[in-house]
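Working notes, structure below.
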Amino acid sequence: MKKIKIFGMLLVISLAVFWITYLNPTLKIATGYTAKYLCSYEYLSNIDTENVIEALNFFPIKYISYEINKKEKRIEASLFGFVS
């Protein structure tokens with residue numbers, strides 16, 4: 001029973017370190033890339049929005065949700081609502 005607790009603690013610590021050092025920064029870059037890409041093509045070029053959305057259909061970008069606010073010229077991107 002003691003080995004299971006130790007293994008569980010090591011697993012939790014490993015997952016936390018993986019999240020902090022690799023996954024969280026990578027997902028922040030992905031959401032920033034999506035927002036920048038959409039913003040550039042929405043407000044600086046005359047490319048149709050549907051074509052831009054098709055271009056963003058690759059992993060992990062295709063799982064990022066975004067909101068385009070044309071009135072304020074603002075785009076918000078997030079992954080599952082918590083990494084933005």
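Each chain in the structure tokens gets a letter, A, B, ..., in the order shown, and its residues are numbered from 1; ligands are numbered from 1 in order too.
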
Taking the chain letters and numbering used in this document, name the residues of chain A that DSSP puts in alpha helix (DSSP H), as a ChimeraX atom specification. /A:2-18,24-43,49-55

Neighbouring residues of Thr49 (chain A) were defined as those with any atom within 12 Å, considering only C-alpha atoms; residues of the same chain fewer than 6 positions away were excluded. Please report them as a PyMOL selection string. chain A and resi 37-43+55-56+68

Closest of A:Arg74, A:Ile61, A:Leu15, A:Leu44 to Lys28 (chain A) - atom-to-atom distances counting only C-alpha atoms: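 Among the listed residues, A:Ile61 lies closest to Lys28 (chain A).
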
Residues of chain A in strand (DSSP E) according to DSSP, as a ChimeraX atom specification? /A:64-69,74-79

Option closest in space to Ile29 (chain A), from A:Ile64, A:Leu10, A:Ile4, A:Ile75 [counting only C-alpha atoms]: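 Of A:Ile64, A:Leu10, A:Ile4, A:Ile75, the one nearest Ile29 (chain A) is A:Ile64, counting only C-alpha atoms.
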
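In this model, the gap between CA of Gly81 (chain A) and CA of Lys62 (chain A) comes to 14.0 Å.
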
Calculate how many Å separate CA of Glu50 (chain A) from CA of Phe82 (chain A), rounding to one decimal.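 That distance, rounded to one decimal, is 25.1 Å.
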
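Interatomic distance, CA of Tyr66 (chain A) to CA of Ser78 (chain A): 6.3 Å.
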